[in-house]
$ cat structure_10.txt   # compact mmCIF, C-alpha atoms
# COMPACT_ATOMS: atom_id res chain seq x y z
CA MET A 1 36.87 -15.49 -16.07
CA SER A 2 34.81 -17.88 -13.94
CA LEU A 3 32.44 -16.47 -11.37
CA SER A 4 33.08 -16.96 -7.69
CA ILE A 5 30.60 -19.21 -5.95
CA TYR A 6 29.01 -16.24 -4.19
CA HIS A 7 28.45 -14.43 -7.49
CA GLU A 8 26.74 -17.59 -8.73
CA ILE A 9 24.65 -17.74 -5.55
CA ARG A 10 23.65 -14.11 -6.01
CA ARG A 11 22.51 -14.84 -9.58
CA SER A 12 20.53 -17.87 -8.47
CA LEU A 13 18.80 -15.81 -5.78
CA HIS A 14 18.18 -13.00 -8.26
CA LEU A 15 16.11 -15.42 -10.35
CA ILE A 16 13.59 -16.08 -7.54
CA PRO A 17 12.53 -12.82 -5.81
CA GLU A 18 9.53 -13.37 -3.56
CA LYS A 19 7.00 -11.41 -1.55
CA GLY A 20 7.53 -10.87 2.17
CA PHE A 21 6.66 -13.95 4.26
CA GLU A 22 6.34 -15.93 1.01
CA GLU A 23 10.08 -16.48 0.46
CA PHE A 24 9.60 -20.25 0.20
CA LYS A 25 11.99 -20.92 -2.71
CA THR A 26 14.52 -18.51 -1.22
CA GLN A 27 14.39 -20.20 2.17
CA GLN A 28 14.82 -23.65 0.63
CA PHE A 29 17.76 -22.45 -1.49
CA LEU A 30 19.50 -21.07 1.59
CA LEU A 31 18.78 -24.20 3.65
CA ASP A 32 20.12 -26.47 0.89
CA TYR A 33 23.38 -24.51 0.92
CA ILE A 34 23.71 -24.23 4.71
CA LYS A 35 23.12 -27.96 5.24
CA GLN A 36 26.19 -28.74 3.13
CA LEU A 37 28.38 -27.10 5.80
CA PRO A 38 29.80 -29.15 8.71
CA GLU A 39 26.67 -29.61 10.83
CA ASP A 40 28.55 -30.14 14.08
CA ARG A 41 29.76 -26.54 13.92
CA PHE A 42 26.38 -24.79 14.08
CA ASP A 43 22.77 -24.94 15.27
CA LEU A 44 19.97 -24.13 12.85
CA GLU A 45 16.37 -23.02 13.40
CA THR A 46 13.67 -21.66 11.12
CA TRP A 47 10.90 -19.14 11.82
CA ARG A 48 8.21 -18.75 9.19
CA THR A 49 10.30 -18.18 6.03
CA GLY A 50 13.32 -16.93 8.02
CA ILE A 51 16.43 -18.83 9.11
CA LEU A 52 18.73 -18.55 12.13
CA VAL A 53 22.18 -20.15 12.18
CA LYS A 54 24.26 -19.99 15.36
CA VAL A 55 27.91 -20.86 14.73
CA LYS A 56 29.47 -22.26 17.87
CA GLY A 57 32.42 -20.37 19.29
CA THR A 58 35.50 -22.10 20.66
CA ASN A 59 35.27 -20.26 23.99
CA PRO A 60 32.17 -18.06 23.85
CA THR A 61 31.45 -15.20 26.22
CA ARG A 62 28.86 -13.47 24.02
CA ILE A 63 26.86 -13.75 20.79
CA ILE A 64 27.66 -11.51 17.82
CA GLY A 65 24.71 -11.08 15.44
CA TYR A 66 24.63 -10.49 11.70
CA ARG A 67 21.39 -9.94 9.79
CA ALA A 68 20.52 -10.26 6.08
CA ASP A 69 17.08 -9.61 4.57
CA MET A 70 15.45 -11.94 2.04
CA ASP A 71 12.43 -10.57 0.16
CA GLY A 72 12.03 -8.99 -3.27
CA LEU A 73 9.94 -6.09 -4.54
CA PRO A 74 6.82 -5.92 -6.77
CA ILE A 75 8.74 -4.44 -9.72
CA GLU A 76 8.91 -5.73 -13.31
CA GLU A 77 12.62 -6.17 -14.04
CA GLU A 78 14.21 -4.20 -16.91
CA THR A 79 17.89 -5.04 -16.49
CA THR A 80 20.23 -6.37 -19.19
CA TYR A 81 20.93 -9.51 -17.15
CA ALA A 82 20.80 -12.98 -18.66
CA PHE A 83 19.61 -14.08 -15.19
CA ARG A 84 16.57 -11.82 -14.91
CA SER A 85 13.78 -12.64 -12.49
CA GLN A 86 11.75 -15.73 -13.30
CA HIS A 87 8.87 -14.41 -11.19
CA PRO A 88 6.82 -11.95 -13.30
CA GLY A 89 6.24 -8.64 -11.54
CA TYR A 90 8.90 -9.27 -8.87
CA MET A 91 12.55 -8.30 -8.71
CA HIS A 92 15.46 -8.05 -6.29
CA ALA A 93 15.68 -4.28 -6.78
CA CYS A 94 16.97 -3.46 -3.29
CA GLY A 95 20.01 -5.72 -3.12
CA HIS A 96 18.66 -8.44 -0.86
CA ASP A 97 20.15 -11.03 -3.24
CA PHE A 98 23.52 -9.36 -2.48
CA HIS A 99 22.80 -9.27 1.26
CA MET A 100 22.03 -12.99 1.43
CA SER A 101 25.01 -14.01 -0.72
CA ILE A 102 27.37 -11.97 1.46
CA ALA A 103 25.91 -13.51 4.61
CA LEU A 104 26.41 -17.02 3.21
CA GLY A 105 30.03 -16.18 2.39
CA VAL A 106 30.72 -14.89 5.89
CA LEU A 107 28.84 -17.81 7.46
CA THR A 108 30.89 -20.33 5.47
CA HIS A 109 34.16 -18.73 6.53
CA ILE A 110 33.23 -18.58 10.22
CA VAL A 111 32.05 -22.21 10.19
CA ASN A 112 35.35 -23.33 8.68
CA HIS A 113 37.54 -20.89 10.65
CA PRO A 114 36.07 -20.87 14.17
CA VAL A 115 36.24 -17.81 16.38
CA GLN A 116 35.97 -17.65 20.16
CA ASP A 117 32.49 -16.09 20.44
CA ASP A 118 29.25 -17.47 19.05
CA VAL A 119 28.09 -15.79 15.83
CA LEU A 120 24.38 -15.72 14.95
CA PHE A 121 23.37 -15.27 11.31
CA ILE A 122 19.78 -14.06 10.89
CA PHE A 123 18.11 -14.38 7.49
CA GLN A 124 15.06 -12.16 7.96
CA PRO A 125 11.95 -12.21 5.76
CA ALA A 126 9.63 -9.36 4.78
CA GLU A 127 11.90 -6.34 5.19
CA GLU A 128 10.15 -4.55 2.32
CA GLY A 129 6.78 -5.15 3.91
CA PRO A 130 4.84 -5.78 6.00
CA GLY A 131 8.02 -5.85 8.11
CA GLY A 132 9.64 -9.01 9.43
CA ALA A 133 12.01 -7.68 12.09
CA LYS A 134 9.44 -6.71 14.72
CA PRO A 135 7.42 -9.97 14.65
CA MET A 136 10.65 -11.97 14.48
CA LEU A 137 11.88 -10.31 17.67
CA GLU A 138 8.50 -10.85 19.34
CA GLU A 139 7.66 -14.38 18.18
CA CYS A 140 10.85 -16.28 17.33
CA THR A 141 11.80 -18.33 20.40
CA ALA A 142 15.19 -19.24 18.89
CA LEU A 143 16.05 -15.56 18.51
CA GLN A 144 14.93 -14.88 22.06
CA HIS A 145 17.10 -17.76 23.29
CA TRP A 146 20.05 -16.73 21.11
CA LYS A 147 19.59 -12.97 21.48
CA PRO A 148 22.85 -11.33 20.36
CA ASP A 149 24.84 -9.03 22.58
CA MET A 150 25.53 -6.87 19.53
CA ILE A 151 24.33 -6.94 15.91
CA MET A 152 25.43 -5.69 12.48
CA ALA A 153 23.96 -5.40 8.99
CA LEU A 154 24.75 -3.75 5.67
CA HIS A 155 22.80 -2.28 2.78
CA ILE A 156 23.99 -1.80 -0.78
CA ALA A 157 24.50 1.83 -1.87
CA PRO A 158 24.27 2.47 -5.65
CA GLU A 159 25.87 5.92 -5.44
CA TYR A 160 29.18 4.83 -3.89
CA PRO A 161 32.06 3.14 -5.77
CA VAL A 162 32.93 -0.47 -5.04
CA GLY A 163 35.28 -0.57 -2.07
CA THR A 164 33.42 2.18 -0.20
CA ILE A 165 31.99 1.71 3.28
CA ALA A 166 29.75 4.54 4.53
CA THR A 167 28.13 4.96 7.92
CA ARG A 168 27.81 7.35 10.85
CA GLU A 169 27.13 7.56 14.56
CA GLY A 170 23.50 7.95 15.61
CA ILE A 171 20.60 8.09 13.19
CA LEU A 172 21.37 6.63 9.76
CA PHE A 173 17.89 5.84 8.34
CA ALA A 174 14.62 7.65 8.99
CA ASN A 175 11.41 6.81 10.79
CA THR A 176 8.96 5.71 8.10
CA SER A 177 5.25 5.11 7.77
CA GLU A 178 3.08 4.00 4.90
CA LEU A 179 0.05 6.15 4.10
CA PHE A 180 -3.24 5.07 2.54
CA ILE A 181 -6.19 7.47 2.25
CA ASP A 182 -9.58 6.39 0.85
CA LEU A 183 -12.18 8.97 -0.21
CA VAL A 184 -15.81 8.03 -0.89
CA GLY A 185 -18.28 10.49 -2.37
CA LYS A 186 -21.10 10.20 -4.91
CA GLY A 187 -20.59 9.16 -8.50
CA GLY A 188 -22.61 10.27 -11.47
CA HIS A 189 -22.76 11.24 -15.13
CA ALA A 190 -20.03 13.60 -16.33
CA ALA A 191 -22.70 15.89 -17.83
CA PHE A 192 -24.34 16.43 -14.42
CA PRO A 193 -21.53 17.28 -11.96
CA HIS A 194 -23.92 19.17 -9.67
CA THR A 195 -25.60 15.88 -8.75
CA ALA A 196 -22.38 14.16 -7.64
CA ASN A 197 -19.37 14.59 -5.34
CA ASP A 198 -16.26 14.10 -7.49
CA MET A 199 -13.50 12.22 -5.65
CA VAL A 200 -10.92 12.83 -8.36
CA VAL A 201 -11.26 16.56 -7.66
CA ALA A 202 -11.22 15.93 -3.89
CA ALA A 203 -8.10 13.77 -4.16
CA SER A 204 -6.36 16.39 -6.30
CA HIS A 205 -7.04 19.09 -3.71
CA LEU A 206 -5.81 16.81 -0.93
CA VAL A 207 -2.53 15.97 -2.69
CA THR A 208 -1.78 19.66 -3.09
CA GLN A 209 -2.59 20.37 0.56
CA LEU A 210 -0.44 17.49 1.80
CA GLN A 211 2.61 19.10 0.17
CA SER A 212 2.26 22.08 2.53
CA ILE A 213 2.73 19.99 5.68
CA VAL A 214 6.52 19.75 5.73
CA ALA A 215 6.99 23.28 4.39
CA ARG A 216 4.75 24.91 7.00
CA ASN A 217 4.60 22.55 9.99
CA ILE A 218 8.08 21.04 10.43
CA ASP A 219 11.06 22.89 11.83
CA PRO A 220 13.29 23.82 8.86
CA LEU A 221 16.26 22.42 10.79
CA ASP A 222 14.50 19.05 11.04
CA SER A 223 13.69 16.83 8.07
CA GLY A 224 10.47 15.29 6.81
CA VAL A 225 8.98 13.94 3.60
CA VAL A 226 5.39 13.29 2.55
CA THR A 227 5.22 11.62 -0.85
CA ILE A 228 2.10 10.42 -2.63
CA GLY A 229 3.31 7.79 -5.07
CA LYS A 230 0.01 6.44 -6.36
CA ILE A 231 -3.53 7.70 -7.01
CA GLU A 232 -6.46 5.56 -8.11
CA GLY A 233 -9.86 7.01 -8.97
CA GLY A 234 -12.68 6.61 -11.42
CA THR A 235 -13.67 4.00 -13.98
CA LYS A 236 -14.29 5.85 -17.28
CA GLN A 237 -13.71 9.26 -18.79
CA ASN A 238 -17.39 10.25 -18.74
CA ILE A 239 -18.22 9.02 -15.23
CA ILE A 240 -17.69 11.16 -12.14
CA ALA A 241 -15.59 9.15 -9.71
CA GLU A 242 -17.31 7.96 -6.56
CA LYS A 243 -14.07 6.73 -4.97
CA ALA A 244 -10.41 7.67 -4.93
CA ARG A 245 -7.39 6.22 -3.13
CA LEU A 246 -4.08 7.87 -2.35
CA GLU A 247 -1.03 5.79 -1.44
CA GLY A 248 2.19 7.27 -0.14
CA THR A 249 4.90 7.35 2.47
CA ILE A 250 6.01 9.55 5.37
CA ARG A 251 9.67 9.91 6.37
CA THR A 252 11.08 11.85 9.34
CA LEU A 253 14.30 12.07 11.32
CA SER A 254 12.45 12.45 14.64
CA LEU A 255 9.45 10.77 16.23
CA ASP A 256 8.06 14.19 17.17
CA SER A 257 7.96 15.22 13.50
CA MET A 258 6.26 11.93 12.58
CA HIS A 259 3.54 12.69 15.14
CA LYS A 260 3.14 16.26 13.84
CA ILE A 261 2.84 15.14 10.23
CA LYS A 262 0.23 12.50 11.02
CA THR A 263 -1.77 14.96 13.12
CA ARG A 264 -1.73 17.48 10.27
CA ILE A 265 -2.72 14.82 7.70
CA GLU A 266 -5.72 13.91 9.81
CA ALA A 267 -6.77 17.57 10.07
CA LEU A 268 -6.50 18.11 6.31
CA VAL A 269 -8.49 14.95 5.58
CA LYS A 270 -11.27 16.14 7.88
CA GLY A 271 -11.30 19.38 5.89
CA ILE A 272 -11.67 17.42 2.64
CA GLU A 273 -14.58 15.51 4.16
CA ALA A 274 -16.34 18.78 5.02
CA GLY A 275 -15.45 20.60 1.83
CA PHE A 276 -16.42 17.83 -0.58
CA ALA A 277 -19.23 16.16 1.41
CA CYS A 278 -17.47 12.82 1.38
CA GLN A 279 -16.24 10.17 3.79
CA ALA A 280 -12.55 9.46 4.31
CA SER A 281 -10.41 6.88 6.08
CA ILE A 282 -6.68 6.80 6.82
CA ASP A 283 -4.48 3.72 7.22
CA TYR A 284 -0.82 4.13 8.15
CA GLY A 285 0.06 0.55 7.19
CA SER A 286 3.56 -0.53 8.19
CA ASN A 287 5.64 1.76 10.39
CA TYR A 288 9.41 1.40 10.66
CA CYS A 289 11.41 3.04 13.41
CA GLN A 290 14.66 4.85 12.72
CA VAL A 291 17.97 3.02 12.29
CA TYR A 292 20.07 4.42 15.13
CA ASN A 293 23.68 3.26 15.16
CA ASP A 294 25.16 2.72 18.61
CA PRO A 295 27.80 5.51 18.73
CA SER A 296 30.54 3.54 20.48
CA LEU A 297 30.11 0.34 18.44
CA VAL A 298 29.92 2.06 15.06
CA ARG A 299 32.84 4.36 15.92
CA GLU A 300 34.94 1.30 16.81
CA PHE A 301 33.96 -0.24 13.46
CA MET A 302 34.80 2.99 11.59
CA ASN A 303 38.18 3.25 13.27
CA TRP A 304 38.93 -0.35 12.33
CA VAL A 305 37.79 0.17 8.72
CA GLU A 306 40.15 3.12 8.41
CA THR A 307 43.07 0.76 9.05
CA ASN A 308 41.94 -1.57 6.24
CA GLU A 309 43.68 -0.58 3.03
CA SER A 310 41.27 -2.55 0.82
CA VAL A 311 38.32 -0.20 1.47
CA THR A 312 37.58 3.50 1.82
CA LEU A 313 35.52 4.85 4.72
CA ILE A 314 33.06 7.72 4.28
CA GLU A 315 31.30 9.30 7.23
CA CYS A 316 27.98 9.89 5.51
CA LYS A 317 24.89 11.94 6.25
CA GLU A 318 21.65 10.43 7.48
CA ALA A 319 19.19 9.30 4.78
CA MET A 320 15.39 9.35 4.50
CA THR A 321 15.36 5.67 3.52
CA GLY A 322 13.59 3.19 5.80
CA GLU A 323 14.80 -0.17 7.13
CA ASP A 324 13.18 -2.43 9.70
CA PHE A 325 16.63 -3.32 11.02
CA GLY A 326 15.87 -0.36 13.30
CA TYR A 327 13.73 -2.68 15.43
CA PHE A 328 16.76 -4.88 16.07
CA LEU A 329 18.74 -1.82 17.10
CA GLU A 330 16.01 -0.77 19.54
CA GLU A 331 16.66 -3.98 21.50
CA ILE A 332 20.27 -4.85 20.64
CA PRO A 333 23.25 -2.47 20.41
CA GLY A 334 24.71 -2.43 16.93
CA PHE A 335 24.95 -0.65 13.62
CA LEU A 336 24.24 -0.71 9.90
CA PHE A 337 26.53 0.50 7.12
CA TRP A 338 26.30 1.23 3.40
CA LEU A 339 28.25 -0.91 0.90
CA GLY A 340 29.20 0.79 -2.37
CA VAL A 341 28.01 -1.09 -5.48
CA ASP A 342 28.54 1.57 -8.19
CA THR A 343 25.42 1.63 -10.39
CA PRO A 344 23.68 4.65 -11.98
CA TYR A 345 20.24 3.35 -11.07
CA GLY A 346 18.98 3.79 -7.52
CA LEU A 347 17.39 1.41 -5.05
CA HIS A 348 13.95 0.10 -6.09
CA HIS A 349 14.68 0.90 -9.77
CA SER A 350 13.77 -1.69 -12.40
CA LYS A 351 17.18 -1.29 -14.11
CA ILE A 352 19.50 -1.45 -11.07
CA GLU A 353 22.58 -3.61 -11.76
CA PRO A 354 24.92 -3.52 -8.71
CA SER A 355 28.55 -4.48 -9.25
CA GLU A 356 29.16 -8.05 -8.05
CA GLU A 357 32.72 -7.13 -7.07
CA ALA A 358 31.15 -5.60 -3.95
CA ILE A 359 30.16 -9.09 -2.77
CA ASP A 360 33.81 -10.07 -2.39
CA VAL A 361 34.66 -6.76 -0.74
CA ALA A 362 31.96 -7.26 1.88
CA ILE A 363 32.75 -10.92 2.59
CA ASN A 364 36.45 -10.15 3.10
CA LEU A 365 35.74 -7.11 5.27
CA LEU A 366 33.15 -8.78 7.48
CA THR A 367 35.06 -12.00 8.02
CA GLN A 368 38.08 -9.96 9.13
CA TYR A 369 35.99 -7.75 11.39
CA ILE A 370 34.15 -10.65 13.03
CA HIS A 371 37.51 -12.32 13.70
CA HIS A 372 38.67 -9.03 15.23
CA LEU A 373 35.56 -8.79 17.44
CA ALA A 374 35.07 -12.42 18.36
CA ASN A 375 38.66 -13.19 19.30
CA LYS A 376 39.13 -10.32 21.74

$ encode --input "structure_10.txt" --output "structure tokens"
Amino acid sequence: MSLSIYHEIRRSLHLIPEKGFEEFKTQQFLLDYIKQLPEDRFDLETWRTGILVKVKGTNPTRIIGYRADMDGLPIEEETTYAFRSQHPGYMHACGHDFHMSIALGVLTHIVNHPVQDDVLFIFQPAEEGPGGAKPMLEECTALQHWKPDMIMALHIAPEYPVGTIATREGILFANTSELFIDLVGKGGHAAFPHTANDMVVAASHLVTQLQSIVARNIDPLDSGVVTIGKIEGGTKQNIIAEKARLEGTIRTLSLDSMHKIKTRIEALVKGIEAGFACQASIDYGSNYCQVYNDPSLVREFMNWVETNESVTLIECKEAMTGEDFGYFLEEIPGFLFWLGVDTPYGLHHSKIEPSEEAIDVAINLLTQYIHHLANK
């Protein structure tokens, strides 16, 4: 059976995952495709490695926005695909190749089947980091000029079967913050520990202490996560480490809990400085605000989805995942939903292989829903 064009597009994009704000091949691929569409039907602008396409409505009274993210992840791919990443150490492990392909499918349909309202397609760079949504909103004059009246986005969901749409009113994704802690002590010979300040030991104590924060400082009815995903320290087995670095992430469902966790981290790090006679620094890196679905808009979408016999709606729980689409939702009413792709491997896994049938499901659903919205 031959692949649909949007499956082929997804595979082409899967070959070229790129770092945030360095999506040069990806941007050119998208532009080459978009410029084959009837140019009198849309206006096109670029911002850094991002793209904005405003499809002209037949009798517009508002602008409906749709956003797709573009970047890959620093993961060495381990899938069974014949079209594995051609960029060593990078992979589309979060479905952004799906997101872009779906957006191109919807864009093509709306260009060729005009609706009354304008529809703005936003291809956003750097969602995985350092975060493209916030600077795009602040710096992109085209987006400021074409600011949507409402906006939508989707994210693939490995755990749901193909044909499943999952979302909810209110908070869907958590507030997130990166966490980097550097410890500097005094190195030395492994045979003379009394002459040094061992930062591997200090880092080990700190990791253990950090795990007490959520358990003993956050309301049990609230939610929070502090995960240390990476530790670096030392140079050789018989040398006491002078430096150590902890890298992790913080996730909360409330801004108050985010503040409490950071305050407690800073107190514990000061204790490590005193207890191990070392110097420490903390960097919170990129911070993403929560994804908060506008209750009335997402409820209207959910009610409409329930009438569509081709998909199944699930009213899901909130998740501790992060997404910088939250910055769009701070300024523009809208919502995000999960798209089932039925794969045993989770997001950011080197073996994730989402079902391509979900691409067709999403294109059909979104084109119908945009027609429903834009022709009111």

$ closest_residue --input "structure_10.txt" --among "A:Met152, A:Met320, A:Met302, A:Gln28" --to "Val226 (chain A)" --atoms "all atoms listed in the file"
A:Met320

$ residues_around --input "structure_10.txt" --residues "Asp118 (chain A)" --least-positions-apart "6" --cutoff "10 Å" --atoms "all atoms listed in the file" --output "PyMOL selection string"
chain A and resi 42+54-65+110+146+148+374

$ write_last_selection --input "structure_10.txt" --atoms "C-alpha atoms" --output "PDB file, keeping the file's coordinate frame"
ATOM      1  CA  PHE A  42      26.380 -24.790  14.080  1.00  0.00           C
ATOM      2  CA  LYS A  54      24.260 -19.990  15.360  1.00  0.00           C
ATOM      3  CA  VAL A  55      27.910 -20.860  14.730  1.00  0.00           C
ATOM      4  CA  LYS A  56      29.470 -22.260  17.870  1.00  0.00           C
ATOM      5  CA  GLY A  57      32.420 -20.370  19.290  1.00  0.00           C
ATOM      6  CA  THR A  58      35.500 -22.100  20.660  1.00  0.00           C
ATOM      7  CA  ASN A  59      35.270 -20.260  23.990  1.00  0.00           C
ATOM      8  CA  PRO A  60      32.170 -18.060  23.850  1.00  0.00           C
ATOM      9  CA  THR A  61      31.450 -15.200  26.220  1.00  0.00           C
ATOM     10  CA  ARG A  62      28.860 -13.470  24.020  1.00  0.00           C
ATOM     11  CA  ILE A  63      26.860 -13.750  20.790  1.00  0.00           C
ATOM     12  CA  ILE A  64      27.660 -11.510  17.820  1.00  0.00           C
ATOM     13  CA  GLY A  65      24.710 -11.080  15.440  1.00  0.00           C
ATOM     14  CA  ILE A 110      33.230 -18.580  10.220  1.00  0.00           C
ATOM     15  CA  TRP A 146      20.050 -16.730  21.110  1.00  0.00           C
ATOM     16  CA  PRO A 148      22.850 -11.330  20.360  1.00  0.00           C
ATOM     17  CA  ALA A 374      35.070 -12.420  18.360  1.00  0.00           C
TER      18      ALA A 374
END

$ closest_residue --input "structure_10.txt" --among "A:Ile102, A:Leu73, A:Ala215, A:Val361" --to "Val311 (chain A)" --atoms "only C-alpha atoms"
A:Val361

$ atom_distance --input "structure_10.txt" --atom1 "CA of Arg251 (chain A)" --atom2 "CA of Thr321 (chain A)"
7.6 Å

$ atom_distance --input "structure_10.txt" --atom1 "CA of Thr167 (chain A)" --atom2 "CA of Glu315 (chain A)"
5.4 Å

$ decode --input "structure_10.txt" --residues "region 105-121 of chain A" --atoms "C-alpha atoms" --output "compact mmCIF listing (two decimals), in the first residue's frame"
# COMPACT_ATOMS: atom_id res chain seq x y z
CA GLY A 105 -2.10 18.68 5.89
CA VAL A 106 -4.56 21.03 7.56
CA LEU A 107 -2.92 24.07 5.95
CA THR A 108 -3.20 22.51 2.49
CA HIS A 109 -6.88 21.73 2.97
CA ILE A 110 -7.74 25.22 4.25
CA VAL A 111 -5.83 26.87 1.39
CA ASN A 112 -7.74 24.80 -1.15
CA HIS A 113 -11.10 24.90 0.67
CA PRO A 114 -11.39 28.46 2.00
CA VAL A 115 -13.27 29.26 5.19
CA GLN A 116 -14.74 32.59 6.25
CA ASP A 117 -12.24 33.49 9.00
CA ASP A 118 -8.49 33.89 8.63
CA VAL A 119 -6.48 30.92 9.87
CA LEU A 120 -2.90 31.41 11.11
CA PHE A 121 -0.52 28.44 11.09
